[in-house]
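Here the structure is laid out as structure tokens; the discussion comes afterwards.
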Amino acid sequence: MPLAAHAITVSLGQRTVLQDISFALAAGTVVGLLGPNGAGKSTLLRALAGLLPHAGTVMLAGAASAGLTAAERARRLAYLPQQRIISWPLPVADVVMLGRLPGRRLGARPSAQDHAQVDQAMAMLDLEGLRQRPATALSGGEQARVLMARAVAQATPVLLADEPAAGLDPAHQIHLMMVLRQLAGQGRCVLVSLHDLALAGRWCDRLLVLKDGALVADGAPAAVLTAATIRAAFGVEAAFTADGAVLAPVALAGRSA
């Protein structure tokens with residue numbers, strides 16, 4: 001398994017934010033991480049990325065993450081945080097090229113493979129027309145796509161993405177999910193936090209649902225995205241299509257519209 005977590009527990013001060021989270025993710029899958037605000041999704045992703053102290057064990061491609069150097073971890077796992085503001089007035093292509101740094105010797109110039117990975121990532125995220133634009137001159141949605149391309153260019157077995165669809169218009173949200181599926185088709189393991197239940201149900205192979213720092217559901221979308229689970233986890237009533245897929249949340253649970 002490219003990514004496995006065992007008994008992950010995170011405490012911030014006197015508060016336990018995550019409690020005893022365990023799962024293993026297979027290569028070639030897109031796994032959605034769902035849950036209401038404050039459930040612990042971002043905390044879990046940061047712990048898996050080695051950015052937050054935690055109890056328990058994270059395994060990356062068979063190696064304990066705690067025993068890896070930062071560079072070794074970055075060759076196994078790419079992480080796209082929720083905050084996606086670019087502060088450097090670099091051309092878009094140069095920002096995406098930063099994703100190739102973990103695979104190069106210090107001071108070495110980009111190789112032909114580096115350029116090929118950057119070109120592929122930019123094509124996947126529909127950024128070819130922005131190659132020489134200063135990244136700081138782009139819209140928020142465009143910057144989000146640039147940073148996703150940087151993570152894609154890192155070409156790691158595992159990709160963690162924290163709400164990458166936030167701030168994107170519907171067309172780019174669908175395009176993003178198509179990119180994640182394409183990465184899974186290349187054999188990568190993708191764990192992505194989402195708030196859109198319809199996107200999660202349509203594009204993910206498996207869903208993990210957090211609530212109050214605990215893993216409350218884990219399984220295929222059809223098994224997880226039921227009226228009862230959505231009501232219990234999110235406190236809302238959902239509308240469903242004829243084939244049982246989630247259409248949209250429509251009301252607060254227990255309250256009339």
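Here, A, B, ... name the chains of the structure tokens in the order displayed, residue numbers run from 1 inside each chain, and ligands are numbered from 1 in the same displayed order.
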Region 215-243 of chain A residues near region 35-52 of chain A within 12 Å, closest pair each, using only C-alpha atoms, as a Markdown table:
```
| residue | atom | partner | partner_atom | distance |
| --- | --- | --- | --- | --- |
| A:Leu215 | CA | A:Gly35 | CA | 9.4 |
| A:Val216 | CA | A:Gly35 | CA | 9.4 |
| A:Ala217 | CA | A:Gly35 | CA | 9.9 |
| A:Asp218 | CA | A:Gly35 | CA | 11.8 |
| A:Val224 | CA | A:Gly35 | CA | 11.9 |
| A:Leu225 | CA | A:Gly35 | CA | 11.7 |
| A:Thr229 | CA | A:Gly35 | CA | 10.8 |
| A:Ile230 | CA | A:Gly35 | CA | 9.4 |
| A:Arg231 | CA | A:Pro36 | CA | 11.2 |
| A:Ala232 | CA | A:Gly35 | CA | 10.6 |
| A:Ala233 | CA | A:Gly35 | CA | 6.8 |
| A:Phe234 | CA | A:Pro36 | CA | 5.7 |
| A:Gly235 | CA | A:Pro36 | CA | 8.9 |
| A:Val236 | CA | A:Pro36 | CA | 10.5 |
```
Restricting it to C-alpha atoms, dump the selection as a compact mmCIF listing (two decimals), in the first residue's frame.
```txt
# COMPACT_ATOMS: atom_id res chain seq x y z
CA LEU A 215 -13.59 8.10 11.39
CA VAL A 216 -17.34 7.43 11.22
CA ALA A 217 -17.67 5.92 7.72
CA ASP A 218 -15.36 4.23 5.22
CA VAL A 224 -21.32 5.83 2.45
CA LEU A 225 -23.47 8.55 0.89
CA THR A 229 -25.03 8.87 7.04
CA ILE A 230 -25.32 12.33 5.49
CA ARG A 231 -27.84 13.30 8.16
CA ALA A 232 -25.68 11.98 11.00
CA ALA A 233 -22.36 13.35 9.73
CA PHE A 234 -23.40 16.69 8.25
CA GLY A 235 -26.76 17.47 9.86
CA VAL A 236 -28.50 17.91 6.50
```
Neighbour list for Ala26 (chain A) as JSON, numbers by chain, cut-off 10 Å, only C-alpha atoms, skip fewer than 4 positions in-chain: {"A": [1, 2, 3, 4, 30, 31, 158, 184, 187, 188, 189, 190]}
Can those selected residues be exported to a file as a PDB file, in the first residue's frame so that it contains N, CA and C atoms?
```pdb
ATOM      1  N   MET A   1       0.845  -1.194   0.000  1.00  0.00           N
ATOM      2  CA  MET A   1       0.000   0.000   0.000  1.00  0.00           C
ATOM      3  C   MET A   1       0.887   1.254   0.000  1.00  0.00           C
ATOM      4  N   PRO A   2       0.617   2.220  -0.872  1.00  0.00           N
ATOM      5  CA  PRO A   2       1.432   3.435  -0.881  1.00  0.00           C
ATOM      6  C   PRO A   2       1.229   4.319   0.345  1.00  0.00           C
ATOM      7  N   LEU A   3       0.046   4.248   0.967  1.00  0.00           N
ATOM      8  CA  LEU A   3      -0.225   5.068   2.151  1.00  0.00           C
ATOM      9  C   LEU A   3      -1.060   4.275   3.149  1.00  0.00           C
ATOM     10  N   ALA A   4      -0.571   4.190   4.380  1.00  0.00           N
ATOM     11  CA  ALA A   4      -1.321   3.538   5.449  1.00  0.00           C
ATOM     12  C   ALA A   4      -1.160   4.338   6.725  1.00  0.00           C
ATOM     13  N   VAL A  30      -8.765   7.116  -6.186  1.00  0.00           N
ATOM     14  CA  VAL A  30      -9.068   8.453  -5.688  1.00  0.00           C
ATOM     15  C   VAL A  30      -9.964   8.280  -4.470  1.00  0.00           C
ATOM     16  N   VAL A  31      -9.485   8.713  -3.323  1.00  0.00           N
ATOM     17  CA  VAL A  31     -10.219   8.554  -2.071  1.00  0.00           C
ATOM     18  C   VAL A  31     -10.631   9.934  -1.578  1.00  0.00           C
ATOM     19  N   VAL A 158       1.990   9.215  -3.906  1.00  0.00           N
ATOM     20  CA  VAL A 158       0.852   9.660  -3.103  1.00  0.00           C
ATOM     21  C   VAL A 158       0.661  11.158  -3.288  1.00  0.00           C
ATOM     22  N   ALA A 184      -4.840   8.740 -10.871  1.00  0.00           N
ATOM     23  CA  ALA A 184      -5.082   7.388 -10.355  1.00  0.00           C
ATOM     24  C   ALA A 184      -4.865   6.348 -11.451  1.00  0.00           C
ATOM     25  N   GLY A 187      -1.547   5.083 -11.687  1.00  0.00           N
ATOM     26  CA  GLY A 187      -1.089   4.276 -10.567  1.00  0.00           C
ATOM     27  C   GLY A 187      -0.861   5.033  -9.285  1.00  0.00           C
ATOM     28  N   ARG A 188      -1.171   6.310  -9.268  1.00  0.00           N
ATOM     29  CA  ARG A 188      -0.969   7.079  -8.039  1.00  0.00           C
ATOM     30  C   ARG A 188      -2.136   6.874  -7.077  1.00  0.00           C
ATOM     31  N   CYS A 189      -1.870   7.154  -5.814  1.00  0.00           N
ATOM     32  CA  CYS A 189      -2.887   7.134  -4.756  1.00  0.00           C
ATOM     33  C   CYS A 189      -3.216   8.580  -4.419  1.00  0.00           C
ATOM     34  N   VAL A 190      -4.481   8.958  -4.545  1.00  0.00           N
ATOM     35  CA  VAL A 190      -4.919  10.333  -4.322  1.00  0.00           C
ATOM     36  C   VAL A 190      -5.888  10.372  -3.145  1.00  0.00           C
TER      37      VAL A 190
END
```
Test item, strand (DSSP E or B) assignment across region 19-209 of chain A, answer as a VMD selection string: chain A and resid 19 to 25 29 to 34 55 to 60 63 to 64 77 to 80 91 134 158 to 162 189 to 193 206 to 209
Nearest-residue call for Leu207 (chain A), choices A:Gln19, A:Thr29, A:Gln143, A:Gln83, using only C-alpha atoms: A:Thr29
Please identify every residue of region 10-74 of chain A that has at least one atom no farther than 9 Å from an atom of region 102-122 of chain A, counting only C-alpha atoms, and for each give the shortest atom pair and the distance in Å to one decimal, arranged by chain then increasing number, as a tab-separated table.
```
residue	atom	partner	partner_atom	distance
A:Ala70	CA	A:Pro102	CA	8.9
A:Ala71	CA	A:Pro102	CA	5.7
A:Glu72	CA	A:Pro102	CA	7.8
A:Arg73	CA	A:Pro102	CA	8.9
A:Ala74	CA	A:Pro102	CA	6.0
```
Restrict the selected residues to N, CA and C atoms and save them as a PDB file, in the first residue's frame.
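Saved as out38.pdb:
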```pdb
ATOM      1  N   ALA A  70      13.042  14.892   5.160  1.00  0.00           N
ATOM      2  CA  ALA A  70      12.049  15.696   4.452  1.00  0.00           C
ATOM      3  C   ALA A  70      12.127  15.464   2.949  1.00  0.00           C
ATOM      4  N   ALA A  71      13.355  15.338   2.412  1.00  0.00           N
ATOM      5  CA  ALA A  71      13.519  15.113   0.976  1.00  0.00           C
ATOM      6  C   ALA A  71      12.999  13.738   0.578  1.00  0.00           C
ATOM      7  N   GLU A  72      13.262  12.720   1.388  1.00  0.00           N
ATOM      8  CA  GLU A  72      12.762  11.378   1.081  1.00  0.00           C
ATOM      9  C   GLU A  72      11.243  11.347   1.123  1.00  0.00           C
ATOM     10  N   ARG A  73      10.666  12.044   2.087  1.00  0.00           N
ATOM     11  CA  ARG A  73       9.207  12.088   2.179  1.00  0.00           C
ATOM     12  C   ARG A  73       8.622  12.802   0.958  1.00  0.00           C
ATOM     13  N   ALA A  74       9.276  13.877   0.523  1.00  0.00           N
ATOM     14  CA  ALA A  74       8.780  14.649  -0.617  1.00  0.00           C
ATOM     15  C   ALA A  74       8.883  13.883  -1.926  1.00  0.00           C
TER      16      ALA A  74
END
```
Contacts of Asp196 (chain A) within 10 Å, only C-alpha atoms, excl. fewer than 5 positions in-chain, as a PyMOL selection string: chain A and resi 34+163+165-166+173+201+246-249
Output file for the residues above (C-alpha atoms, as a PDB file, in the first residue's frame):
```pdb
ATOM      1  CA  LEU A  34     -15.355  14.199   3.832  1.00  0.00           C
ATOM      2  CA  GLU A 163     -10.092  21.150  -0.735  1.00  0.00           C
ATOM      3  CA  ALA A 165     -12.042  22.309  -5.699  1.00  0.00           C
ATOM      4  CA  ALA A 166     -12.743  25.285  -3.421  1.00  0.00           C
ATOM      5  CA  GLN A 173     -14.187  21.531 -10.564  1.00  0.00           C
ATOM      6  CA  GLY A 201     -19.889  10.477  -5.054  1.00  0.00           C
ATOM      7  CA  VAL A 246     -26.315  12.477  -4.216  1.00  0.00           C
ATOM      8  CA  LEU A 247     -27.731  15.492  -6.036  1.00  0.00           C
ATOM      9  CA  ALA A 248     -27.368  18.174  -3.350  1.00  0.00           C
ATOM     10  CA  PRO A 249     -28.053  18.957   0.314  1.00  0.00           C
TER      11      PRO A 249
END
```
In region 77-224 of chain A, DSSP helix (DSSP H, G or I) residues written as a VMD selection string: chain A and resid 92 to 103 112 to 124 128 to 130 135 to 137 140 to 153 170 to 185 197 to 203 221 to 224
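Around Pro91 (chain A), within 6 Å and counting only C-alpha atoms, the residues found are A:Gln132, A:Arg133, A:Pro134, A:Ala135, once anything fewer than 4 positions away on its own chain is removed.
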Could you save those same residues with N, CA and C atoms as a CSV table (one decimal), in the first residue's frame?
```csv
chain,number,residue,atom,x,y,z
A,132,GLN,N,4.1,31.9,-19.3
A,132,GLN,CA,5.0,33.0,-19.0
A,132,GLN,C,4.3,34.1,-18.2
A,133,ARG,N,3.1,33.9,-17.8
A,133,ARG,CA,2.4,34.9,-17.0
A,133,ARG,C,3.0,34.9,-15.6
A,134,PRO,N,3.2,36.1,-14.9
A,134,PRO,CA,3.6,36.1,-13.5
A,134,PRO,C,2.4,35.4,-12.7
A,135,ALA,N,2.8,34.5,-11.8
A,135,ALA,CA,1.8,33.8,-11.1
A,135,ALA,C,1.0,34.7,-10.2
```
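Distances from A:Met124, A:Ala242, A:Ala27, A:Ile86 to Leu159 (chain A) were compared using only C-alpha atoms, and the smallest one belongs to A:Ala27.
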Using only C-alpha atoms: which of A:Ala220, A:Val179, A:Leu197, A:Leu77 has the shortest distance to Val250 (chain A): A:Leu197
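Omitting Thr136 (chain A) and its sequence neighbours fewer than 3 positions away, and counting only C-alpha atoms, the residues within 7 Å are Ile86, Ser87, Trp88 and Pro89 of chain A.
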Generate the output file for the selected residues, N, CA and C atoms, as a short mmCIF file (atom, residue, chain, number, x, y, z; two decimals), in the first residue's frame.
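Listing of selection_24.cif after writing:
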```cif
data_model
loop_
_atom_site.label_atom_id
_atom_site.label_comp_id
_atom_site.auth_asym_id
_atom_site.auth_seq_id
_atom_site.Cartn_x
_atom_site.Cartn_y
_atom_site.Cartn_z
N ILE A 86 -0.07 32.53 -3.89
CA ILE A 86 1.28 32.59 -4.42
C ILE A 86 1.84 33.99 -4.17
N SER A 87 2.97 34.06 -3.52
CA SER A 87 3.56 35.35 -3.16
C SER A 87 4.75 35.72 -4.03
N TRP A 88 5.17 34.79 -4.91
CA TRP A 88 6.38 35.05 -5.70
C TRP A 88 5.98 35.42 -7.13
N PRO A 89 6.48 36.55 -7.64
CA PRO A 89 6.12 36.97 -9.01
C PRO A 89 6.92 36.22 -10.06
#
```
